[in-house]
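Chemist: Handing you a structure now.
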Amino acid sequence: MDMTNRLFKNIPRVPRFVLFTFLFVAILSPFLANEKPLLLIQYGHFSFPAFSNNAYTQLYSETGESENIRTDNINWTEIKSDFVLRALIPYSAGKSDLANSNFKSPFGKQFKDTNGELSEIPFRMRHFLGTGNLGNDTLAGLIEGTRVSLIIGICSMFIALFIGVLLGMLSGYFGNQYFKLNRAAFFIMLLLLLPAWYYCFELRFTSIENSFRDSIVFGVLNVLFSLVFSIFFIAVPVWMISKLKLPVFLQGSVKIPVDAIVNRIIELFLSIPRIVVLITFALIFQPSVASVVLIIGLTSWTSIARMVRAIILSLRESNYIDAGRAIGIPTLRLFRKHILPATYAQLRVFTIYGVASAILAETGLSFLGIGVPPGTVTWGQLLFEGKENISAWWLILFPGLCVFLLLASLNTLADSLEKK
């Protein structure tokens, strides 16, 4: 709690309120907008349909008999029950309400279909922010889009942080002179680069994608596991070869210009407009939330790497680092205890800016109709639908307002931390 107070105390009240509101909506989105009841009591039998992702739901009749029915085939408004507790918005994101299809305005007349007869919809069941072409509720889409946007923004930055900090540390600390391998170890390292990528990422992509579907935390951990395992896959054989007694020719040392290699990679990414890189990767990968997280994470690390490199370059030759080396402190401990803490203040600022940038990138990809699969509702997807019918102003105004408020609040948070 004390850390939270220190983080948010210098932020103006309005951006702080906006940030907490978006976080609250993202966490509780399945229970704020859902066509399934939160609680259903049928003739003494309790069930919680909104908390289940099963394809089938068990319903009960007056005689107490139960029947498993496909969830997609249930009209939850017509279920007979003793008590039902519905979500605040009784519609799921992306679900069609055909009686209110073809872009119903928030202020226009809305209808419900009762056995083929259209009647005006009750106030409780209205689409308060209008509908899309197929009758999908805009407010439910905004709520779901908040969850998806924050998941993509935060998780992609975890990947970008891992890559950026790792490469920035290696580049800044070792430079072009300090990292040396014997010729045999260098040859083995080159030989293992492609197999490491193939076994750690190419073969595991389906597993990574499935883990994102089960839990976003497991998805990020799965990606980080692949990154760590790929490094381990290369480092262990290289280390073992470097310890062997080899012929004189193979024992000759090779200087690895780590700083030059990392800088050339960064320059390669920066030389191509980011939107082109994002679109290229999006067309290569199969559309999914996992692939969007990977795409944005793999293209967002360059600024972090440059910042970490600059800080470590200034610390590398300082007296206390030289003293640590002289008394035999291991390199890993120097990083953990002395070098990395010096980057924390800048890292948190870059991370918050990065989350905002990732959300904007995802919105742009969805607006272009690529990235996330068609069934996933995002702010960009709502904007894309609004582009198809300019008269449906609510599909442009409300998602655009959400993007503006969230990005402005995140940038305000980053600015306040930067001024500390």
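Just so we're on the same page: first chain in the structure tokens is A, next is B, and so on; residues restart at 1 for each chain, and ligands are numbered from 1 in the order they show up.
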What lies within 9 Å of Phe384 in chain A using only C-alpha atoms, ignoring chain neighbours under 4 positions off, as a ChimeraX atom specification?
Modeler: /A:366-369,379-380,388,395-396
Chemist: Using only C-alpha atoms, which protein or nucleic acid residues come within 10 Å of Lys36 in chain A? Drop anything in the same chain fewer than 2 positions from it, and give the result as number ranges by chain.
Modeler: A: 30-31, 33-34, 38-40, 48-52, 71, 74-77, 84-87, 90-92
Chemist: Using only C-alpha atoms, which protein or nucleic acid residues come within 10 Å of range 338-349 of chain A? Drop anything in the same chain fewer than 5 positions from it, and give the result as a PDB file with C-alpha atoms, in the first residue's frame.
Modeler:
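Listing of selection.pdb after writing:
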```pdb
ATOM      1  CA  LEU A 161      11.649  -5.321 -20.728  1.00  0.00           C
ATOM      2  CA  VAL A 165      17.328  -5.000 -20.231  1.00  0.00           C
ATOM      3  CA  MET A 169      23.264  -4.844 -20.020  1.00  0.00           C
ATOM      4  CA  TYR A 173      28.942  -3.766 -19.766  1.00  0.00           C
ATOM      5  CA  ILE A 304      14.756   0.255 -23.293  1.00  0.00           C
ATOM      6  CA  MET A 307      18.561   3.558 -22.123  1.00  0.00           C
ATOM      7  CA  VAL A 308      19.999   0.643 -20.103  1.00  0.00           C
ATOM      8  CA  ARG A 309      23.156   0.661 -22.267  1.00  0.00           C
ATOM      9  CA  ALA A 310      23.696   4.404 -21.705  1.00  0.00           C
ATOM     10  CA  ILE A 311      23.344   4.084 -17.917  1.00  0.00           C
ATOM     11  CA  ILE A 312      25.639   1.059 -17.692  1.00  0.00           C
ATOM     12  CA  LEU A 315      28.687   3.153 -14.463  1.00  0.00           C
ATOM     13  CA  ARG A 316      31.058   0.589 -15.972  1.00  0.00           C
ATOM     14  CA  TYR A 320      33.062   1.400  -6.979  1.00  0.00           C
ATOM     15  CA  ILE A 321      32.510  -0.998  -9.927  1.00  0.00           C
ATOM     16  CA  GLY A 324      34.085  -4.614  -6.890  1.00  0.00           C
ATOM     17  CA  LEU A 332      26.161 -11.343 -11.804  1.00  0.00           C
ATOM     18  CA  ARG A 333      26.286  -9.970  -8.268  1.00  0.00           C
ATOM     19  CA  GLY A 354       5.789   1.548 -23.447  1.00  0.00           C
ATOM     20  CA  LEU A 410      -0.533   6.801 -18.568  1.00  0.00           C
ATOM     21  CA  ASN A 411       1.560   9.632 -20.030  1.00  0.00           C
ATOM     22  CA  LEU A 413       1.821   9.025 -14.703  1.00  0.00           C
ATOM     23  CA  ALA A 414       5.105   8.669 -16.610  1.00  0.00           C
ATOM     24  CA  ASP A 415       5.675  12.452 -16.578  1.00  0.00           C
ATOM     25  CA  SER A 416       5.116  12.608 -12.822  1.00  0.00           C
ATOM     26  CA  LEU A 417       7.608   9.796 -12.210  1.00  0.00           C
ATOM     27  CA  GLU A 418      10.131  11.414 -14.542  1.00  0.00           C
ATOM     28  CA  LYS A 420      10.821  12.921  -9.228  1.00  0.00           C
TER      29      LYS A 420
END
```
Chemist: Could you name the residues that touch Phe281 in chain A at 10 Å or less, counting only C-alpha atoms, but leaving out those on the same chain fewer than 6 positions away, as an mmCIF file with C-alpha atoms, in the first residue's frame?
Modeler:
```cif
data_model
loop_
_atom_site.group_PDB
_atom_site.id
_atom_site.type_symbol
_atom_site.label_atom_id
_atom_site.label_comp_id
_atom_site.auth_asym_id
_atom_site.auth_seq_id
_atom_site.Cartn_x
_atom_site.Cartn_y
_atom_site.Cartn_z
ATOM 1 C CA ILE A 275 4.044 0.368 -38.383
ATOM 2 C CA SER A 291 0.684 -13.209 -31.460
ATOM 3 C CA VAL A 292 -0.137 -9.508 -30.940
ATOM 4 C CA LEU A 294 4.657 -11.202 -29.132
ATOM 5 C CA ILE A 295 4.679 -8.829 -32.110
ATOM 6 C CA ILE A 296 4.509 -5.686 -29.971
ATOM 7 C CA LEU A 298 9.494 -8.029 -30.012
ATOM 8 C CA THR A 299 9.356 -4.564 -31.589
ATOM 9 C CA GLY A 371 -3.682 -8.723 -35.428
#
```
Chemist: Given only C-alpha atoms as the basis, pick out the residue of A:Leu181, A:Leu382, A:Ile370, A:Ile266 nearest to Ser288 in chain A.
Modeler: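 Answer, going by the shortest atom-to-atom distance: A:Ile370.
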Chemist: Which distance in Å separates CA of Ala185 in chain A and CA of Trp239 in chain A, to one decimal?
Modeler: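 Taking CA of Ala185 in chain A as the start and CA of Trp239 in chain A as the end point, the length is 7.3 Å.
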Chemist: Pick the closest to Val403 in chain A from A:Ser211, A:Thr146, A:Asn263, A:Ser391: which is it, counting only C-alpha atoms?
Modeler: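 Checking each of A:Ser211, A:Thr146, A:Asn263, A:Ser391 against Val403 in chain A, counting only C-alpha atoms, the winner is A:Thr146.
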Chemist: Give me, as a PDB file with N, CA and C atoms, in the first residue's frame, the residues of range 372-404 of chain A that a backbone DSSP run labels alpha helix (DSSP H).
Modeler:
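Written file, out39.pdb:
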```
ATOM      1  N   TRP A 379     -10.928  -2.023 -28.878  1.00  0.00           N
ATOM      2  CA  TRP A 379     -11.265  -0.647 -29.240  1.00  0.00           C
ATOM      3  C   TRP A 379     -10.985  -0.404 -30.717  1.00  0.00           C
ATOM      4  N   GLY A 380      -9.887  -0.918 -31.212  1.00  0.00           N
ATOM      5  CA  GLY A 380      -9.559  -0.738 -32.623  1.00  0.00           C
ATOM      6  C   GLY A 380     -10.565  -1.396 -33.541  1.00  0.00           C
ATOM      7  N   GLN A 381     -11.066  -2.560 -33.120  1.00  0.00           N
ATOM      8  CA  GLN A 381     -12.061  -3.265 -33.933  1.00  0.00           C
ATOM      9  C   GLN A 381     -13.365  -2.473 -33.993  1.00  0.00           C
ATOM     10  N   LEU A 382     -13.750  -1.828 -32.881  1.00  0.00           N
ATOM     11  CA  LEU A 382     -14.948  -0.988 -32.879  1.00  0.00           C
ATOM     12  C   LEU A 382     -14.755   0.228 -33.791  1.00  0.00           C
ATOM     13  N   LEU A 383     -13.538   0.807 -33.750  1.00  0.00           N
ATOM     14  CA  LEU A 383     -13.253   1.931 -34.648  1.00  0.00           C
ATOM     15  C   LEU A 383     -13.293   1.496 -36.107  1.00  0.00           C
ATOM     16  N   PHE A 384     -12.790   0.283 -36.370  1.00  0.00           N
ATOM     17  CA  PHE A 384     -12.833  -0.249 -37.737  1.00  0.00           C
ATOM     18  C   PHE A 384     -14.274  -0.406 -38.206  1.00  0.00           C
ATOM     19  N   GLU A 385     -15.142  -0.882 -37.300  1.00  0.00           N
ATOM     20  CA  GLU A 385     -16.555  -1.041 -37.661  1.00  0.00           C
ATOM     21  C   GLU A 385     -17.202   0.316 -37.886  1.00  0.00           C
ATOM     22  N   GLY A 386     -16.814   1.326 -37.075  1.00  0.00           N
ATOM     23  CA  GLY A 386     -17.362   2.663 -37.263  1.00  0.00           C
ATOM     24  C   GLY A 386     -16.921   3.291 -38.566  1.00  0.00           C
ATOM     25  N   LYS A 387     -15.702   2.921 -39.011  1.00  0.00           N
ATOM     26  CA  LYS A 387     -15.206   3.447 -40.286  1.00  0.00           C
ATOM     27  C   LYS A 387     -16.079   2.989 -41.451  1.00  0.00           C
ATOM     28  N   GLU A 388     -16.675   1.809 -41.310  1.00  0.00           N
ATOM     29  CA  GLU A 388     -17.522   1.283 -42.381  1.00  0.00           C
ATOM     30  C   GLU A 388     -18.830   2.055 -42.518  1.00  0.00           C
ATOM     31  N   TRP A 394     -21.259   6.847 -32.687  1.00  0.00           N
ATOM     32  CA  TRP A 394     -20.947   6.292 -31.372  1.00  0.00           C
ATOM     33  C   TRP A 394     -19.828   5.248 -31.437  1.00  0.00           C
ATOM     34  N   LEU A 395     -19.665   4.593 -32.588  1.00  0.00           N
ATOM     35  CA  LEU A 395     -18.598   3.600 -32.741  1.00  0.00           C
ATOM     36  C   LEU A 395     -17.240   4.253 -32.956  1.00  0.00           C
ATOM     37  N   ILE A 396     -17.227   5.542 -33.199  1.00  0.00           N
ATOM     38  CA  ILE A 396     -15.973   6.285 -33.344  1.00  0.00           C
ATOM     39  C   ILE A 396     -15.697   7.111 -32.087  1.00  0.00           C
ATOM     40  N   LEU A 397     -16.747   7.765 -31.570  1.00  0.00           N
ATOM     41  CA  LEU A 397     -16.577   8.658 -30.428  1.00  0.00           C
ATOM     42  C   LEU A 397     -16.140   7.920 -29.166  1.00  0.00           C
ATOM     43  N   PHE A 398     -16.871   6.888 -28.770  1.00  0.00           N
ATOM     44  CA  PHE A 398     -16.623   6.258 -27.470  1.00  0.00           C
ATOM     45  C   PHE A 398     -15.319   5.453 -27.427  1.00  0.00           C
ATOM     46  N   PRO A 399     -15.012   4.615 -28.432  1.00  0.00           N
ATOM     47  CA  PRO A 399     -13.694   3.950 -28.406  1.00  0.00           C
ATOM     48  C   PRO A 399     -12.544   4.948 -28.492  1.00  0.00           C
ATOM     49  N   GLY A 400     -12.700   5.982 -29.344  1.00  0.00           N
ATOM     50  CA  GLY A 400     -11.655   6.997 -29.456  1.00  0.00           C
ATOM     51  C   GLY A 400     -11.448   7.728 -28.143  1.00  0.00           C
ATOM     52  N   LEU A 401     -12.536   8.000 -27.424  1.00  0.00           N
ATOM     53  CA  LEU A 401     -12.434   8.668 -26.127  1.00  0.00           C
ATOM     54  C   LEU A 401     -11.725   7.778 -25.108  1.00  0.00           C
ATOM     55  N   CYS A 402     -12.013   6.477 -25.129  1.00  0.00           N
ATOM     56  CA  CYS A 402     -11.341   5.543 -24.215  1.00  0.00           C
ATOM     57  C   CYS A 402      -9.833   5.504 -24.479  1.00  0.00           C
ATOM     58  N   VAL A 403      -9.457   5.431 -25.758  1.00  0.00           N
ATOM     59  CA  VAL A 403      -8.032   5.411 -26.107  1.00  0.00           C
ATOM     60  C   VAL A 403      -7.365   6.694 -25.625  1.00  0.00           C
ATOM     61  N   PHE A 404      -8.001   7.837 -25.880  1.00  0.00           N
ATOM     62  CA  PHE A 404      -7.432   9.126 -25.473  1.00  0.00           C
ATOM     63  C   PHE A 404      -7.262   9.222 -23.958  1.00  0.00           C
TER      64      PHE A 404
END
```
Chemist: Between CA of Asp137 in chain A and CA of Thr363 in chain A, what is the distance, to one decimal in Å?
Modeler: 18.8 Å
Chemist: Please provide as a VMD selection string all residues within 8 Å of range 375-377 of chain A, with the sequence filter that same-chain residues fewer than 5 positions apart are discarded (counting only C-alpha atoms).
Modeler: chain A and resid 93 to 94 141 144 to 145 148 382
Chemist: Write out as a ChimeraX atom specification which residues come within 6 Å of range 128-132 of chain A when counting only C-alpha atoms, dropping same-chain ones fewer than 5 positions away.
Modeler: /A:103-106,137-139
Chemist: Could you name the residues that touch range 10-25 of chain A at 8 Å or less, counting only C-alpha atoms, but leaving out those on the same chain fewer than 4 positions away, as a short mmCIF file (atom, residue, chain, number, x, y, z; two decimals) with N, CA and C atoms, in the first residue's frame?
Modeler:
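Once written, around-v9.cif looks like this:
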```
data_model
loop_
_atom_site.label_atom_id
_atom_site.label_comp_id
_atom_site.auth_asym_id
_atom_site.auth_seq_id
_atom_site.Cartn_x
_atom_site.Cartn_y
_atom_site.Cartn_z
N ARG A 6 3.20 6.02 -2.87
CA ARG A 6 4.35 6.74 -3.40
C ARG A 6 4.27 6.87 -4.92
N SER A 29 -14.30 -7.08 -15.96
CA SER A 29 -15.05 -7.03 -17.23
C SER A 29 -15.99 -8.21 -17.45
N LEU A 32 -19.09 -7.36 -15.42
CA LEU A 32 -19.78 -6.11 -15.69
C LEU A 32 -20.65 -6.22 -16.94
N ILE A 143 -16.01 -2.39 -22.68
CA ILE A 143 -15.55 -3.03 -21.44
C ILE A 143 -14.58 -4.17 -21.75
N THR A 146 -11.27 -2.81 -23.00
CA THR A 146 -10.40 -2.34 -21.92
C THR A 146 -9.53 -3.48 -21.40
N ARG A 147 -10.15 -4.63 -21.18
CA ARG A 147 -9.41 -5.80 -20.68
C ARG A 147 -8.35 -6.24 -21.68
N LEU A 405 -8.29 8.86 -23.20
CA LEU A 405 -8.24 8.99 -21.74
C LEU A 405 -7.17 8.08 -21.13
N LEU A 406 -7.10 6.83 -21.61
CA LEU A 406 -6.13 5.90 -21.04
C LEU A 406 -4.70 6.33 -21.38
N ALA A 408 -3.62 9.35 -22.20
CA ALA A 408 -3.30 10.60 -21.52
C ALA A 408 -2.98 10.36 -20.05
N SER A 409 -3.71 9.45 -19.40
CA SER A 409 -3.47 9.15 -17.99
C SER A 409 -2.14 8.44 -17.79
N LEU A 410 -1.82 7.50 -18.67
CA LEU A 410 -0.53 6.80 -18.57
C LEU A 410 0.64 7.77 -18.80
N THR A 412 0.61 10.97 -18.22
CA THR A 412 0.68 11.82 -17.04
C THR A 412 1.41 11.12 -15.90
N LEU A 413 1.11 9.82 -15.72
CA LEU A 413 1.82 9.03 -14.70
C LEU A 413 3.32 8.98 -14.99
N SER A 416 4.95 12.35 -14.24
CA SER A 416 5.12 12.61 -12.82
C SER A 416 6.27 11.83 -12.23
#
```
Chemist: Looking at only C-alpha atoms, which of A:Met240, A:Val277, A:Leu170, A:Ile121 is the one that sits closest to Ala260 in chain A?
Modeler: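 Of A:Met240, A:Val277, A:Leu170, A:Ile121, the one nearest Ala260 in chain A is A:Leu170, counting only C-alpha atoms.
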